[in-house]
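*Asks:* Provided below: query23.txt, containing compact mmCIF, C-alpha atoms.
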# COMPACT_ATOMS: atom_id res chain seq x y z
CA ALA O 210 166.45 163.79 63.56
CA GLN O 211 165.06 167.04 62.28
CA SER O 212 166.77 169.66 60.16
CA VAL O 213 165.80 172.99 58.68
CA THR O 214 167.24 174.58 55.58
CA GLN O 215 167.00 178.24 54.73
CA LEU O 216 168.63 178.47 51.34
CA ASP O 217 168.95 182.24 51.21
CA SER O 218 171.36 183.80 53.67
CA GLN O 219 170.39 187.31 52.57
CA VAL O 220 167.44 188.70 50.62
CA PRO O 221 167.63 192.32 49.45
CA VAL O 222 164.35 193.90 48.41
CA PHE O 223 163.01 197.37 47.75
CA GLU O 224 160.46 198.96 50.05
CA GLU O 225 156.83 198.14 49.17
CA ALA O 226 157.89 195.13 47.08
CA PRO O 227 156.69 191.60 47.91
CA VAL O 228 159.07 189.12 49.50
CA GLU O 229 159.29 185.38 50.04
CA LEU O 230 161.74 183.77 52.47
CA ARG O 231 162.19 180.08 51.83
CA CYS O 232 162.25 177.30 54.40
CA ASN O 233 162.45 173.55 53.88
CA TYR O 234 162.57 170.95 56.60
CA SER O 235 163.34 167.30 57.05
CA SER O 236 161.81 165.07 59.70
CA SER O 237 160.82 161.45 60.11
CA VAL O 238 158.05 162.43 62.54
CA SER O 239 155.35 165.08 62.53
CA VAL O 240 156.49 168.53 63.52
CA TYR O 241 155.19 171.94 64.36
CA LEU O 242 156.58 174.83 62.30
CA PHE O 243 157.51 178.35 63.35
CA TRP O 244 158.95 181.58 62.02
CA TYR O 245 160.80 183.90 64.37
CA VAL O 246 162.20 187.38 63.72
CA GLN O 247 165.26 188.88 65.39
CA TYR O 248 165.89 192.62 65.28
CA PRO O 249 169.46 193.84 65.94
CA ASN O 250 170.64 193.19 69.49
CA GLN O 251 167.33 191.70 70.52
CA GLY O 252 165.91 188.29 71.29
CA LEU O 253 163.67 186.29 69.01
CA GLN O 254 160.03 187.20 68.49
CA LEU O 255 157.46 184.69 67.30
CA LEU O 256 155.98 185.75 63.94
CA LEU O 257 153.68 182.83 63.28
CA LYS O 258 153.25 179.10 63.75
CA TYR O 259 151.66 176.12 62.06
CA LEU O 260 150.21 173.51 64.37
CA SER O 261 147.44 171.92 62.32
CA GLY O 262 144.46 172.78 60.17
CA SER O 263 144.56 175.41 57.44
CA THR O 264 147.89 175.36 55.66
CA LEU O 265 147.94 179.15 55.28
CA VAL O 266 148.75 180.85 58.54
CA LYS O 267 148.80 184.55 59.24
CA GLY O 268 151.09 186.19 61.72
CA ILE O 269 152.03 189.56 63.04
CA ASN O 270 153.22 192.53 60.99
CA GLY O 271 151.40 191.37 57.86
CA PHE O 272 153.43 188.18 57.39
CA GLU O 273 151.94 184.86 56.34
CA ALA O 274 153.30 181.41 55.61
CA GLU O 275 152.07 178.35 53.80
CA PHE O 276 152.71 174.81 54.94
CA ASN O 277 153.25 172.37 52.09
CA LYS O 278 153.56 168.82 53.36
CA SER O 279 154.47 167.26 50.03
CA GLN O 280 157.25 169.78 49.47
CA THR O 281 158.18 169.83 53.18
CA SER O 282 158.25 173.59 52.97
CA PHE O 283 157.04 176.49 55.07
CA HIS O 284 157.82 179.66 53.11
CA LEU O 285 157.25 183.09 54.63
CA ARG O 286 155.68 185.85 52.57
CA LYS O 287 154.73 189.49 52.82
CA PRO O 288 152.98 191.36 49.99
CA SER O 289 154.59 194.72 50.72
CA VAL O 290 157.62 195.21 52.95
CA HIS O 291 158.67 198.22 54.99
CA ILE O 292 162.09 199.48 55.98
CA SER O 293 161.26 198.36 59.54
CA ASP O 294 161.06 194.73 58.37
CA THR O 295 164.84 194.68 58.02
CA ALA O 296 165.88 191.89 60.39
CA GLU O 297 167.02 188.27 60.61
CA TYR O 298 164.31 185.67 60.10
CA PHE O 299 164.55 182.14 61.43
CA CYS O 300 162.48 179.13 60.49
CA ALA O 301 162.20 176.41 63.14
CA VAL O 302 160.57 173.05 63.77
CA SER O 303 159.74 171.12 66.90
CA ARG O 304 158.69 167.52 67.29
CA MET O 305 155.11 166.88 68.34
CA ASP O 306 156.02 164.12 70.73
CA SER O 307 158.77 165.39 72.97
CA SER O 308 160.21 168.46 74.62
CA TYR O 309 159.12 170.84 71.84
CA LYS O 310 162.68 172.08 71.64
CA LEU O 311 163.20 174.18 68.53
CA ILE O 312 165.54 173.20 65.74
CA PHE O 313 166.44 176.33 63.82
CA GLY O 314 167.52 177.06 60.30
CA SER O 315 170.59 179.21 59.70
CA GLY O 316 168.53 182.34 59.22
CA THR O 317 167.80 184.74 56.37
CA ARG O 318 168.71 188.39 56.61
CA LEU O 319 166.00 190.51 55.00
CA LEU O 320 167.41 193.85 53.86
CA VAL O 321 164.77 196.36 52.80
CA ARG O 322 166.07 199.27 50.75
CA PRO O 323 164.28 202.59 50.15
CA GLY Z 282 157.26 190.10 84.79
CA ALA Z 283 155.71 190.56 81.40
CA GLY Z 284 158.47 188.81 79.50
CA VAL Z 285 161.49 186.55 79.87
CA SER Z 286 164.24 188.39 81.71
CA GLN Z 287 167.92 187.54 81.44
CA SER Z 288 170.86 188.89 83.38
CA PRO Z 289 173.42 190.16 82.89
CA SER Z 290 172.83 191.51 79.40
CA ASN Z 291 176.58 191.55 78.77
CA LYS Z 292 179.38 189.65 80.46
CA VAL Z 293 183.09 189.86 79.77
CA THR Z 294 185.18 187.26 81.54
CA GLU Z 295 188.73 186.01 81.48
CA LYS Z 296 189.52 182.61 80.06
CA GLY Z 297 189.42 179.99 82.79
CA LYS Z 298 186.91 181.81 85.01
CA ASP Z 299 183.44 180.48 85.86
CA VAL Z 300 180.30 182.40 84.87
CA GLU Z 301 176.64 182.21 85.84
CA LEU Z 302 173.85 183.38 83.58
CA ARG Z 303 170.37 183.90 84.95
CA CYS Z 304 166.94 183.52 83.41
CA ASP Z 305 163.58 184.58 84.86
CA PRO Z 306 160.84 182.99 82.75
CA ILE Z 307 157.32 184.28 82.26
CA SER Z 308 155.26 183.54 85.36
CA GLY Z 309 153.38 180.25 85.05
CA HIS Z 310 155.51 178.88 82.22
CA THR Z 311 156.53 175.35 83.15
CA ALA Z 312 158.90 174.77 80.22
CA LEU Z 313 162.23 176.58 80.04
CA TYR Z 314 164.91 176.32 77.37
CA TRP Z 315 168.46 177.54 76.94
CA TYR Z 316 169.88 178.18 73.48
CA ARG Z 317 173.21 179.51 72.26
CA GLN Z 318 173.64 181.78 69.26
CA SER Z 319 177.03 182.18 67.67
CA LEU Z 320 178.24 183.27 64.25
CA GLY Z 321 179.67 179.94 63.29
CA GLN Z 322 177.02 177.66 64.73
CA GLY Z 323 173.76 179.57 64.44
CA LEU Z 324 171.08 178.88 67.05
CA GLU Z 325 171.77 175.73 69.07
CA PHE Z 326 169.57 174.06 71.68
CA LEU Z 327 171.35 173.47 74.99
CA ILE Z 328 168.91 172.19 77.61
CA TYR Z 329 165.20 171.87 78.38
CA PHE Z 330 163.51 172.04 81.78
CA GLN Z 331 160.02 170.87 82.62
CA GLY Z 332 159.43 172.19 86.10
CA ASN Z 333 162.67 171.67 88.00
CA SER Z 334 163.81 168.59 86.11
CA ALA Z 335 165.82 168.53 82.89
CA PRO Z 336 164.65 165.64 80.72
CA ASP Z 337 166.70 166.83 77.75
CA LYS Z 338 170.28 167.96 78.24
CA SER Z 339 171.42 166.71 74.88
CA GLY Z 340 172.68 170.07 73.64
CA LEU Z 341 175.14 170.86 76.42
CA PRO Z 342 178.49 170.96 74.59
CA SER Z 343 180.70 169.67 77.40
CA ASP Z 344 180.73 168.83 81.10
CA ARG Z 345 181.85 172.41 81.77
CA PHE Z 346 178.26 173.43 81.13
CA SER Z 347 175.52 172.84 83.69
CA ALA Z 348 172.14 174.32 84.50
CA GLU Z 349 169.60 174.19 87.24
CA ARG Z 350 166.12 175.45 87.85
CA THR Z 351 164.59 176.07 91.23
CA GLY Z 352 161.01 176.55 92.34
CA GLY Z 353 159.85 175.87 88.82
CA SER Z 354 160.95 179.38 87.99
CA VAL Z 355 164.43 180.91 87.84
CA SER Z 356 167.15 179.06 85.99
CA THR Z 357 170.90 179.46 86.09
CA LEU Z 358 173.29 178.33 83.36
CA THR Z 359 176.83 177.85 84.66
CA ILE Z 360 179.92 177.61 82.51
CA GLN Z 361 183.06 176.49 84.30
CA ARG Z 362 186.60 177.22 83.15
CA THR Z 363 185.40 179.35 80.26
CA GLN Z 364 187.11 179.07 76.89
CA GLN Z 365 187.17 181.53 74.01
CA GLU Z 366 184.88 179.29 71.98
CA ASP Z 367 182.21 179.80 74.66
CA SER Z 368 181.81 183.38 73.47
CA ALA Z 369 178.25 183.69 72.17
CA VAL Z 370 174.81 185.05 72.98
CA TYR Z 371 172.97 182.78 75.39
CA LEU Z 372 169.21 182.92 74.97
CA CYS Z 373 166.60 181.69 77.41
CA ALA Z 374 163.02 180.91 76.39
CA SER Z 375 159.93 179.79 78.25
CA SER Z 376 156.63 178.27 77.28
CA PHE Z 377 153.37 177.34 78.95
CA GLU Z 378 152.49 174.79 76.33
CA GLY Z 379 155.48 173.95 74.18
CA ARG Z 380 153.64 173.36 70.97
CA THR Z 381 152.42 176.95 70.84
CA GLY Z 382 155.95 178.31 70.64
CA ALA Z 383 158.40 179.76 73.11
CA PHE Z 384 158.98 183.32 74.25
CA PHE Z 385 162.59 184.45 74.23
CA GLY Z 386 164.56 186.78 76.45
CA GLN Z 387 166.94 189.42 75.13
CA GLY Z 388 169.93 187.19 75.74
CA THR Z 389 173.25 187.45 77.55
CA ARG Z 390 176.23 188.29 75.37
CA LEU Z 391 179.22 186.42 76.79
CA THR Z 392 182.71 187.42 75.72
CA VAL Z 393 185.66 185.36 76.90
CA VAL Z 394 188.99 187.19 76.64
Before anything else, please render the file you have as structure tokens.

*Replies:*
Amino acid sequence: AQSVTQLDSQVPVFEEAPVELRCNYSSSVSVYLFWYVQYPNQGLQLLLKYLSGSTLVKGINGFEAEFNKSQTSFHLRKPSVHISDTAEYFCAVSRMDSSYKLIFGSGTRLLVRP
Amino acid sequence: GAGVSQSPSNKVTEKGKDVELRCDPISGHTALYWYRQSLGQGLEFLIYFQGNSAPDKSGLPSDRFSAERTGGSVSTLTIQRTQQEDSAVYLCASSFEGRTGAFFGQGTRLTVV
């Protein structure tokens, strides 16, 4: 079975400061890794994904994430956040050999303050 | 359409009634997923369709829940004899090639009173 842990339920940060949202996963098989963002009263939007190759992946809105196989982590980073980045962020994994259904972490609420 | 469309956006129903939630996936997407989002349980997988068949129904919480997909397109999630614990946001997602990630609809907020 797969599981995803997002240790921080909420991360407050000041505007223009850097941020890191942590994600660790557990799986006995190889997985694909994803970050999704959810703005209030909206569905989920794909930020970025790691399928293979370079461990540093860049996504939309200036976000990037680094896959670390030895640490089983996929942390999300942004060098300078904006007020508009305030949202819920979900890390997810899917197995490479089946339905590709997503197993989500519990989410991290990013709160950007002026 | 350009994105995944779900209807209704909000549904209030009385306990014990049946409800149907609809999902129109992105045209050409063969994979379709239903998820449920609730405060206590987070985001939970319910069911996966490939074409019209459902090879993975492992997330359906009880036999009151069922889903079908017709024409490789529209899907309907049916909840019979609704209970208060069914209150949640039901999200539909579709994908052309699953490994590249799924596109989500805006969800249907179901409230059982």

*Asks:* Specify as a list in words all residues of chain O found within 6 Å of chain Z, counting all atoms listed in the file.

*Replies:*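 Residues passing the distance filter: Gln251, Gly252, Leu253, Tyr309 and Ser315 of chain O.
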
*Asks:* Store the residues of this selection in a file with C-alpha atoms, as a PDB file, in the frame of the given file.

*Replies:*
ATOM      1  CA  GLN O 251     167.330 191.700  70.520  1.00  0.00           C
ATOM      2  CA  GLY O 252     165.910 188.290  71.290  1.00  0.00           C
ATOM      3  CA  LEU O 253     163.670 186.290  69.010  1.00  0.00           C
ATOM      4  CA  TYR O 309     159.120 170.840  71.840  1.00  0.00           C
ATOM      5  CA  SER O 315     170.590 179.210  59.700  1.00  0.00           C
TER       6      SER O 315
END

*Asks:* What gap, in Å, lies between atom CA of Z:Pro342 and atom CA of O:Ser303?

*Replies:*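 Interatomic distance, atom CA of Z:Pro342 to atom CA of O:Ser303: 20.3 Å.
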
*Asks:* If I take atom CA of O:Arg231 and atom CA of O:Pro249, how far is one from the other in Å, to one decimal?

*Replies:* 21.0 Å

*Asks:* Which residue, O:Ser289, O:Thr281, O:Asn270, O:Ser218, has the smallest gap to O:Val238 when you use only C-alpha atoms?

*Replies:*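 Closest residue, counting only C-alpha atoms: O:Thr281.
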
*Asks:* At most 12 Å from (189.4, 184.5, 82.9), file frame, all atoms listed in the file: which residues, as a ChimeraX atom specification?

*Replies:* /Z:292-300,360-365,367,392-394

*Asks:* In Å, how far is it from atom CA of O:Glu229 to atom CA of O:Ser261?

*Replies:* 21.7 Å
